[in-house]
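Structure file coords-v2.cif; described as mmCIF, C-alpha atoms, pLDDT in the B column; chains and numbers go by the auth columns.
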```
data_start
loop_
_atom_site.group_PDB
_atom_site.id
_atom_site.type_symbol
_atom_site.label_atom_id
_atom_site.label_comp_id
_atom_site.label_asym_id
_atom_site.label_seq_id
_atom_site.Cartn_x
_atom_site.Cartn_y
_atom_site.Cartn_z
_atom_site.B_iso_or_equiv
_atom_site.auth_seq_id
_atom_site.auth_asym_id
ATOM 1 C CA MET A 1 -42.660 102.199 53.052 50.00 1 A
ATOM 2 C CA TYR A 2 -46.261 101.009 52.618 53.00 2 A
ATOM 3 C CA GLU A 3 -46.622 98.125 50.264 54.00 3 A
ATOM 4 C CA ILE A 4 -49.301 95.484 50.600 55.00 4 A
ATOM 5 C CA LYS A 5 -49.929 93.021 47.829 55.00 5 A
ATOM 6 C CA PHE A 6 -52.659 90.492 48.379 55.00 6 A
ATOM 7 C CA PHE A 7 -53.442 89.127 44.959 55.00 7 A
ATOM 8 C CA CYS A 8 -50.167 89.674 43.124 53.00 8 A
ATOM 9 C CA THR A 9 -47.776 88.421 45.793 50.00 9 A
ATOM 10 C CA PRO A 10 -46.856 84.742 45.553 52.00 10 A
ATOM 11 C CA ILE A 11 -47.210 82.911 48.848 51.00 11 A
ATOM 12 C CA THR A 12 -43.492 82.272 49.058 50.00 12 A
ATOM 13 C CA GLN A 13 -42.664 86.006 49.040 51.00 13 A
ATOM 14 C CA LYS A 14 -42.823 88.244 52.078 52.00 14 A
ATOM 15 C CA VAL A 15 -45.030 91.328 52.350 52.00 15 A
ATOM 16 C CA THR A 16 -43.447 94.586 53.529 52.00 16 A
ATOM 17 C CA LEU A 17 -45.513 96.583 56.012 53.00 17 A
ATOM 18 C CA LEU A 18 -44.970 99.595 58.274 56.00 18 A
ATOM 19 C CA ASP A 19 -41.442 100.378 59.416 54.00 19 A
ATOM 20 C CA ASN A 20 -39.958 97.600 57.317 55.00 20 A
ATOM 21 C CA GLN A 21 -41.600 94.878 59.393 62.00 21 A
ATOM 22 C CA ILE A 22 -41.646 91.644 57.468 65.00 22 A
ATOM 23 C CA VAL A 23 -44.785 89.526 57.722 65.00 23 A
ATOM 24 C CA LYS A 24 -45.307 86.306 55.845 76.00 24 A
ATOM 25 C CA PRO A 25 -48.558 86.070 53.870 80.00 25 A
ATOM 26 C CA GLU A 26 -49.624 83.065 55.957 83.00 26 A
ATOM 27 C CA ILE A 27 -49.374 85.099 59.177 82.00 27 A
ATOM 28 C CA LEU A 28 -51.210 88.007 57.571 83.00 28 A
ATOM 29 C CA MET A 29 -54.037 85.686 56.525 87.00 29 A
ATOM 30 C CA GLN A 30 -54.184 84.218 60.048 88.00 30 A
ATOM 31 C CA ARG A 31 -54.498 87.699 61.524 88.00 31 A
ATOM 32 C CA ILE A 32 -57.288 88.595 59.116 90.00 32 A
ATOM 33 C CA ALA A 33 -59.088 85.336 59.934 90.00 33 A
ATOM 34 C CA LEU A 34 -58.787 86.013 63.683 91.00 34 A
ATOM 35 C CA ILE A 35 -60.149 89.541 63.274 92.00 35 A
ATOM 36 C CA LEU A 36 -63.111 88.246 61.247 92.00 36 A
ATOM 37 C CA LEU A 37 -63.742 85.538 63.837 91.00 37 A
ATOM 38 C CA ALA A 38 -63.670 88.131 66.631 92.00 38 A
ATOM 39 C CA ILE A 39 -66.159 90.323 64.739 93.00 39 A
ATOM 40 C CA LEU A 40 -68.458 87.340 64.201 93.00 40 A
ATOM 41 C CA LEU A 41 -68.272 86.464 67.895 92.00 41 A
ATOM 42 C CA VAL A 42 -69.176 90.032 68.903 92.00 42 A
ATOM 43 C CA VAL A 43 -72.180 90.014 66.550 91.00 43 A
ATOM 44 C CA VAL A 44 -73.452 86.664 67.848 90.00 44 A
ATOM 45 C CA LEU A 45 -73.040 87.714 71.484 87.00 45 A
ATOM 46 C CA SER A 46 -74.779 91.029 70.790 84.00 46 A
ATOM 47 C CA VAL A 47 -77.776 89.278 69.229 83.00 47 A
ATOM 48 C CA PHE A 48 -77.958 86.932 72.214 78.00 48 A
ATOM 49 C CA ALA A 49 -77.751 89.837 74.684 75.00 49 A
ATOM 50 C CA VAL A 50 -80.497 91.766 72.885 73.00 50 A
ATOM 51 C CA ARG A 51 -82.788 88.727 72.929 69.00 51 A
ATOM 52 C CA MET A 52 -82.148 88.196 76.637 65.00 52 A
ATOM 53 C CA PHE A 53 -82.867 91.860 77.334 65.00 53 A
ATOM 54 C CA LYS A 54 -86.098 91.816 75.327 62.00 54 A
ATOM 55 C CA THR A 55 -87.516 88.815 77.139 61.00 55 A
ATOM 56 C CA SER A 56 -86.473 90.125 80.564 73.00 56 A
ATOM 57 C CA ASP A 57 -89.335 92.660 80.516 84.00 57 A
ATOM 58 C CA PRO A 58 -91.944 91.316 83.000 90.00 58 A
ATOM 59 C CA TYR A 59 -94.863 92.499 80.828 91.00 59 A
ATOM 60 C CA VAL A 60 -93.470 90.715 77.753 91.00 60 A
ATOM 61 C CA LYS A 61 -92.731 87.572 79.779 90.00 61 A
ATOM 62 C CA THR A 62 -96.281 87.533 81.100 94.00 62 A
ATOM 63 C CA VAL A 63 -97.836 88.075 77.672 94.00 63 A
ATOM 64 C CA LEU A 64 -95.698 85.407 76.026 93.00 64 A
ATOM 65 C CA SER A 65 -96.478 82.899 78.775 94.00 65 A
ATOM 66 C CA MET A 66 -100.231 83.229 78.158 96.00 66 A
ATOM 67 C CA THR A 67 -102.394 81.552 75.544 95.00 67 A
ATOM 68 C CA GLY A 68 -104.564 84.202 73.970 96.00 68 A
ATOM 69 C CA ASP A 69 -108.076 83.857 72.615 97.00 69 A
ATOM 70 C CA PRO A 70 -108.200 84.882 68.927 97.00 70 A
ATOM 71 C CA VAL A 71 -111.953 85.619 69.097 97.00 71 A
ATOM 72 C CA GLN A 72 -111.402 88.030 71.968 98.00 72 A
ATOM 73 C CA GLY A 73 -108.335 89.373 70.125 97.00 73 A
ATOM 74 C CA ASN A 74 -110.523 90.097 67.091 97.00 74 A
ATOM 75 C CA ALA A 75 -112.916 92.076 69.291 97.00 75 A
ATOM 76 C CA ILE A 76 -110.002 94.074 70.737 97.00 76 A
ATOM 77 C CA PHE A 77 -108.699 94.655 67.206 96.00 77 A
ATOM 78 C CA GLN A 78 -112.100 95.880 65.943 96.00 78 A
ATOM 79 C CA ILE A 79 -112.405 98.361 68.819 95.00 79 A
ATOM 80 C CA ASN A 80 -108.835 99.695 68.857 94.00 80 A
ATOM 81 C CA CYS A 81 -107.178 98.972 65.521 94.00 81 A
ATOM 82 C CA ALA A 82 -109.702 98.554 62.692 95.00 82 A
ATOM 83 C CA GLY A 83 -110.234 102.293 62.285 93.00 83 A
ATOM 84 C CA CYS A 84 -106.725 102.598 60.824 93.00 84 A
ATOM 85 C CA HIS A 85 -105.857 99.047 59.768 95.00 85 A
ATOM 86 C CA GLY A 86 -109.265 98.160 58.296 95.00 86 A
ATOM 87 C CA TRP A 87 -111.954 95.723 59.460 94.00 87 A
ATOM 88 C CA GLN A 88 -110.137 92.878 57.703 95.00 88 A
ATOM 89 C CA ALA A 89 -106.693 94.214 58.726 94.00 89 A
ATOM 90 C CA ASP A 90 -106.024 94.926 55.054 95.00 90 A
ATOM 91 C CA GLY A 91 -104.846 98.488 55.638 92.00 91 A
ATOM 92 C CA ARG A 92 -106.353 101.957 55.491 88.00 92 A
ATOM 93 C CA VAL A 93 -104.466 104.791 57.186 89.00 93 A
ATOM 94 C CA GLY A 94 -102.243 102.172 58.798 91.00 94 A
ATOM 95 C CA PRO A 95 -100.584 99.357 56.861 93.00 95 A
ATOM 96 C CA SER A 96 -102.087 95.970 56.129 95.00 96 A
ATOM 97 C CA LEU A 97 -101.513 93.498 58.929 95.00 97 A
ATOM 98 C CA GLN A 98 -102.154 90.420 56.816 96.00 98 A
ATOM 99 C CA GLY A 99 -99.320 87.963 57.537 95.00 99 A
ATOM 100 C CA ILE A 100 -97.826 90.316 60.145 95.00 100 A
ATOM 101 C CA SER A 101 -96.838 87.450 62.453 93.00 101 A
ATOM 102 C CA LYS A 102 -94.590 86.151 59.663 95.00 102 A
ATOM 103 C CA ARG A 103 -92.854 89.531 59.343 94.00 103 A
ATOM 104 C CA LYS A 104 -92.504 90.479 63.012 92.00 104 A
ATOM 105 C CA SER A 105 -91.654 88.495 66.108 91.00 105 A
ATOM 106 C CA PRO A 106 -94.100 88.354 69.025 93.00 106 A
ATOM 107 C CA TYR A 107 -91.806 90.754 70.888 89.00 107 A
ATOM 108 C CA GLY A 108 -91.781 93.097 67.882 90.00 108 A
ATOM 109 C CA LEU A 109 -95.578 93.073 67.750 93.00 109 A
ATOM 110 C CA ILE A 110 -95.885 93.763 71.473 93.00 110 A
ATOM 111 C CA HIS A 111 -93.370 96.593 71.219 89.00 111 A
ATOM 112 C CA GLN A 112 -95.189 98.053 68.209 91.00 112 A
ATOM 113 C CA VAL A 113 -98.496 98.135 70.083 92.00 113 A
ATOM 114 C CA ILE A 114 -97.285 99.527 73.405 92.00 114 A
ATOM 115 C CA SER A 115 -94.455 101.864 72.362 90.00 115 A
ATOM 116 C CA GLY A 116 -96.155 104.510 70.248 85.00 116 A
ATOM 117 C CA GLU A 117 -92.821 104.978 68.433 87.00 117 A
ATOM 118 C CA THR A 118 -94.277 104.917 64.911 83.00 118 A
ATOM 119 C CA PRO A 119 -96.651 107.833 64.442 82.00 119 A
ATOM 120 C CA PRO A 120 -99.474 108.115 63.677 85.00 120 A
ATOM 121 C CA MET A 121 -100.008 104.892 65.635 88.00 121 A
ATOM 122 C CA PRO A 122 -100.918 105.783 69.212 90.00 122 A
ATOM 123 C CA LYS A 123 -99.416 104.186 72.277 90.00 123 A
ATOM 124 C CA PHE A 124 -101.767 101.509 73.633 91.00 124 A
ATOM 125 C CA GLN A 125 -101.576 99.981 77.081 91.00 125 A
ATOM 126 C CA PRO A 126 -103.525 96.721 76.963 95.00 126 A
ATOM 127 C CA SER A 127 -103.468 94.354 79.894 96.00 127 A
ATOM 128 C CA ALA A 128 -101.275 91.281 79.491 96.00 128 A
ATOM 129 C CA GLU A 129 -104.354 89.167 78.791 97.00 129 A
ATOM 130 C CA GLU A 130 -105.640 91.602 76.153 97.00 130 A
ATOM 131 C CA MET A 131 -102.221 91.701 74.507 97.00 131 A
ATOM 132 C CA ALA A 132 -102.050 87.886 74.456 97.00 132 A
ATOM 133 C CA ASP A 133 -105.521 87.812 72.858 97.00 133 A
ATOM 134 C CA LEU A 134 -104.502 90.403 70.272 97.00 134 A
ATOM 135 C CA LEU A 135 -101.314 88.492 69.441 97.00 135 A
ATOM 136 C CA SER A 136 -103.345 85.330 69.064 97.00 136 A
ATOM 137 C CA TYR A 137 -105.671 87.112 66.615 97.00 137 A
ATOM 138 C CA LEU A 138 -102.783 88.641 64.648 96.00 138 A
ATOM 139 C CA GLU A 139 -101.317 85.163 64.191 96.00 139 A
ATOM 140 C CA THR A 140 -104.494 84.143 62.338 96.00 140 A
ATOM 141 C CA LEU A 141 -104.103 86.868 59.716 94.00 141 A
#
```

Will you turn the file into structure tokens for me?
Amino acid sequence: MYEIKFFCTPITQKVTLLDNQIVKPEILMQRIALILLAILLVVVLSVFAVRMFKTSDPYVKTVLSMTGDPVQGNAIFQINCAGCHGWQADGRVGPSLQGISKRKSPYGLIHQVISGETPPMPKFQPSAEEMADLLSYLETL
């Protein structure tokens, strides 16, 4: 017999589950709370693991440890990016990059530039210093 009543069952009554097992509503609620807590813990640990993995890349670590020059970053942008993103980074073939540092993390920006995973954007391979300069420029937009 399968009968589960959550909203209609008074707390003093028992809920009948599989094979006539009797479970009090309080125990059922505790089990649900423990399952939700376990799911939350898995999500938090997963986010932490992903962040640790992202920053373990030596290239990313090097770039993030450097202080870039936004003037030099602008020059790099004009040479490599302005053809698609516009001279003012307001978008042409590629999207506008105005306020991009508020929408993407530094890691996300680095990954976007070097991965080539979003066609038609090509895969760039700037040096760590050039990438730090470009990040510094993008933060000014």

Quiz prompt | Of the listed residues A:Ala132, A:Met29, A:Lys24, A:Gly94, that which approaches A:Ile76 most closely, counting all atoms listed in the file | solution =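 Of A:Ala132, A:Met29, A:Lys24, A:Gly94, the one nearest A:Ile76 is A:Ala132, counting all atoms listed in the file.
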
Self-check item: Computed interatomic separation between atom CA of A:Leu97 and atom CA of A:Thr62 (Å)
Solution: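 The value is 23.5 Å.
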
Quiz prompt | For A:Pro58, the nearest of the candidates A:Cys81, A:Leu134, A:Ala38, A:Ala128, counting only C-alpha atoms | solution =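 Comparing A:Cys81, A:Leu134, A:Ala38, A:Ala128 against A:Pro58, the winner is A:Ala128.
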
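The gap separating atom CA of A:Val47 from atom CA of A:Thr118 is 23.1 Å, in Å to one decimal.
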
Quiz prompt | Contacts of A:Ser96 at 8 Å (all atoms listed in the file; same-chain gap of 4+ positions) as a ChimeraX atom specification | solution = /A:85-86,89-92

Self-check item: For atom CA of A:Gln78 and atom CA of A:Ile114, the interatomic separation in Å (one decimal)
Solution: 17.0 Å

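Counting only C-alpha atoms and comparing A:Cys84, A:Gly99, A:Gln72, A:Phe124, the residue that lies closest to A:Ser136 is A:Gln72.
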
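Considering all atoms listed in the file, the residue among A:Asn74, A:Gln30, A:Ser46, A:Ser56 positioned nearest to A:Tyr107 is A:Ser56.
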
For this file, the PyMOL selection byres ((chain A and resi 63-70) around 12) selects which residues, as a PDB file with C-alpha atoms, in the coordinates of the input?
```pdb
ATOM      1  CA  LYS A  54     -86.098  91.816  75.327  1.00 62.00           C
ATOM      2  CA  THR A  55     -87.516  88.815  77.139  1.00 61.00           C
ATOM      3  CA  SER A  56     -86.473  90.125  80.564  1.00 73.00           C
ATOM      4  CA  ASP A  57     -89.335  92.660  80.516  1.00 84.00           C
ATOM      5  CA  PRO A  58     -91.944  91.316  83.000  1.00 90.00           C
ATOM      6  CA  TYR A  59     -94.863  92.499  80.828  1.00 91.00           C
ATOM      7  CA  VAL A  60     -93.470  90.715  77.753  1.00 91.00           C
ATOM      8  CA  LYS A  61     -92.731  87.572  79.779  1.00 90.00           C
ATOM      9  CA  THR A  62     -96.281  87.533  81.100  1.00 94.00           C
ATOM     10  CA  VAL A  71    -111.953  85.619  69.097  1.00 97.00           C
ATOM     11  CA  GLN A  72    -111.402  88.030  71.968  1.00 98.00           C
ATOM     12  CA  GLY A  73    -108.335  89.373  70.125  1.00 97.00           C
ATOM     13  CA  ASN A  74    -110.523  90.097  67.091  1.00 97.00           C
ATOM     14  CA  ALA A  75    -112.916  92.076  69.291  1.00 97.00           C
ATOM     15  CA  ILE A  76    -110.002  94.074  70.737  1.00 97.00           C
ATOM     16  CA  PHE A  77    -108.699  94.655  67.206  1.00 96.00           C
ATOM     17  CA  SER A 105     -91.654  88.495  66.108  1.00 91.00           C
ATOM     18  CA  PRO A 106     -94.100  88.354  69.025  1.00 93.00           C
ATOM     19  CA  TYR A 107     -91.806  90.754  70.888  1.00 89.00           C
ATOM     20  CA  GLY A 108     -91.781  93.097  67.882  1.00 90.00           C
ATOM     21  CA  LEU A 109     -95.578  93.073  67.750  1.00 93.00           C
ATOM     22  CA  ILE A 110     -95.885  93.763  71.473  1.00 93.00           C
ATOM     23  CA  HIS A 111     -93.370  96.593  71.219  1.00 89.00           C
ATOM     24  CA  PRO A 126    -103.525  96.721  76.963  1.00 95.00           C
ATOM     25  CA  SER A 127    -103.468  94.354  79.894  1.00 96.00           C
ATOM     26  CA  ALA A 128    -101.275  91.281  79.491  1.00 96.00           C
ATOM     27  CA  GLU A 129    -104.354  89.167  78.791  1.00 97.00           C
ATOM     28  CA  GLU A 130    -105.640  91.602  76.153  1.00 97.00           C
ATOM     29  CA  MET A 131    -102.221  91.701  74.507  1.00 97.00           C
ATOM     30  CA  ALA A 132    -102.050  87.886  74.456  1.00 97.00           C
ATOM     31  CA  ASP A 133    -105.521  87.812  72.858  1.00 97.00           C
ATOM     32  CA  LEU A 134    -104.502  90.403  70.272  1.00 97.00           C
ATOM     33  CA  LEU A 135    -101.314  88.492  69.441  1.00 97.00           C
ATOM     34  CA  SER A 136    -103.345  85.330  69.064  1.00 97.00           C
ATOM     35  CA  TYR A 137    -105.671  87.112  66.615  1.00 97.00           C
ATOM     36  CA  LEU A 138    -102.783  88.641  64.648  1.00 96.00           C
ATOM     37  CA  GLU A 139    -101.317  85.163  64.191  1.00 96.00           C
ATOM     38  CA  THR A 140    -104.494  84.143  62.338  1.00 96.00           C
ATOM     39  CA  LEU A 141    -104.103  86.868  59.716  1.00 94.00           C
TER      40      LEU A 141
END
```

Self-check item: Option closest in space to A:Val113, from A:Leu37, A:Arg31, A:Gln125, A:Trp87 [counting all atoms listed in the file]
Solution: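 Of all the options, A:Gln125 lies closest to A:Val113.
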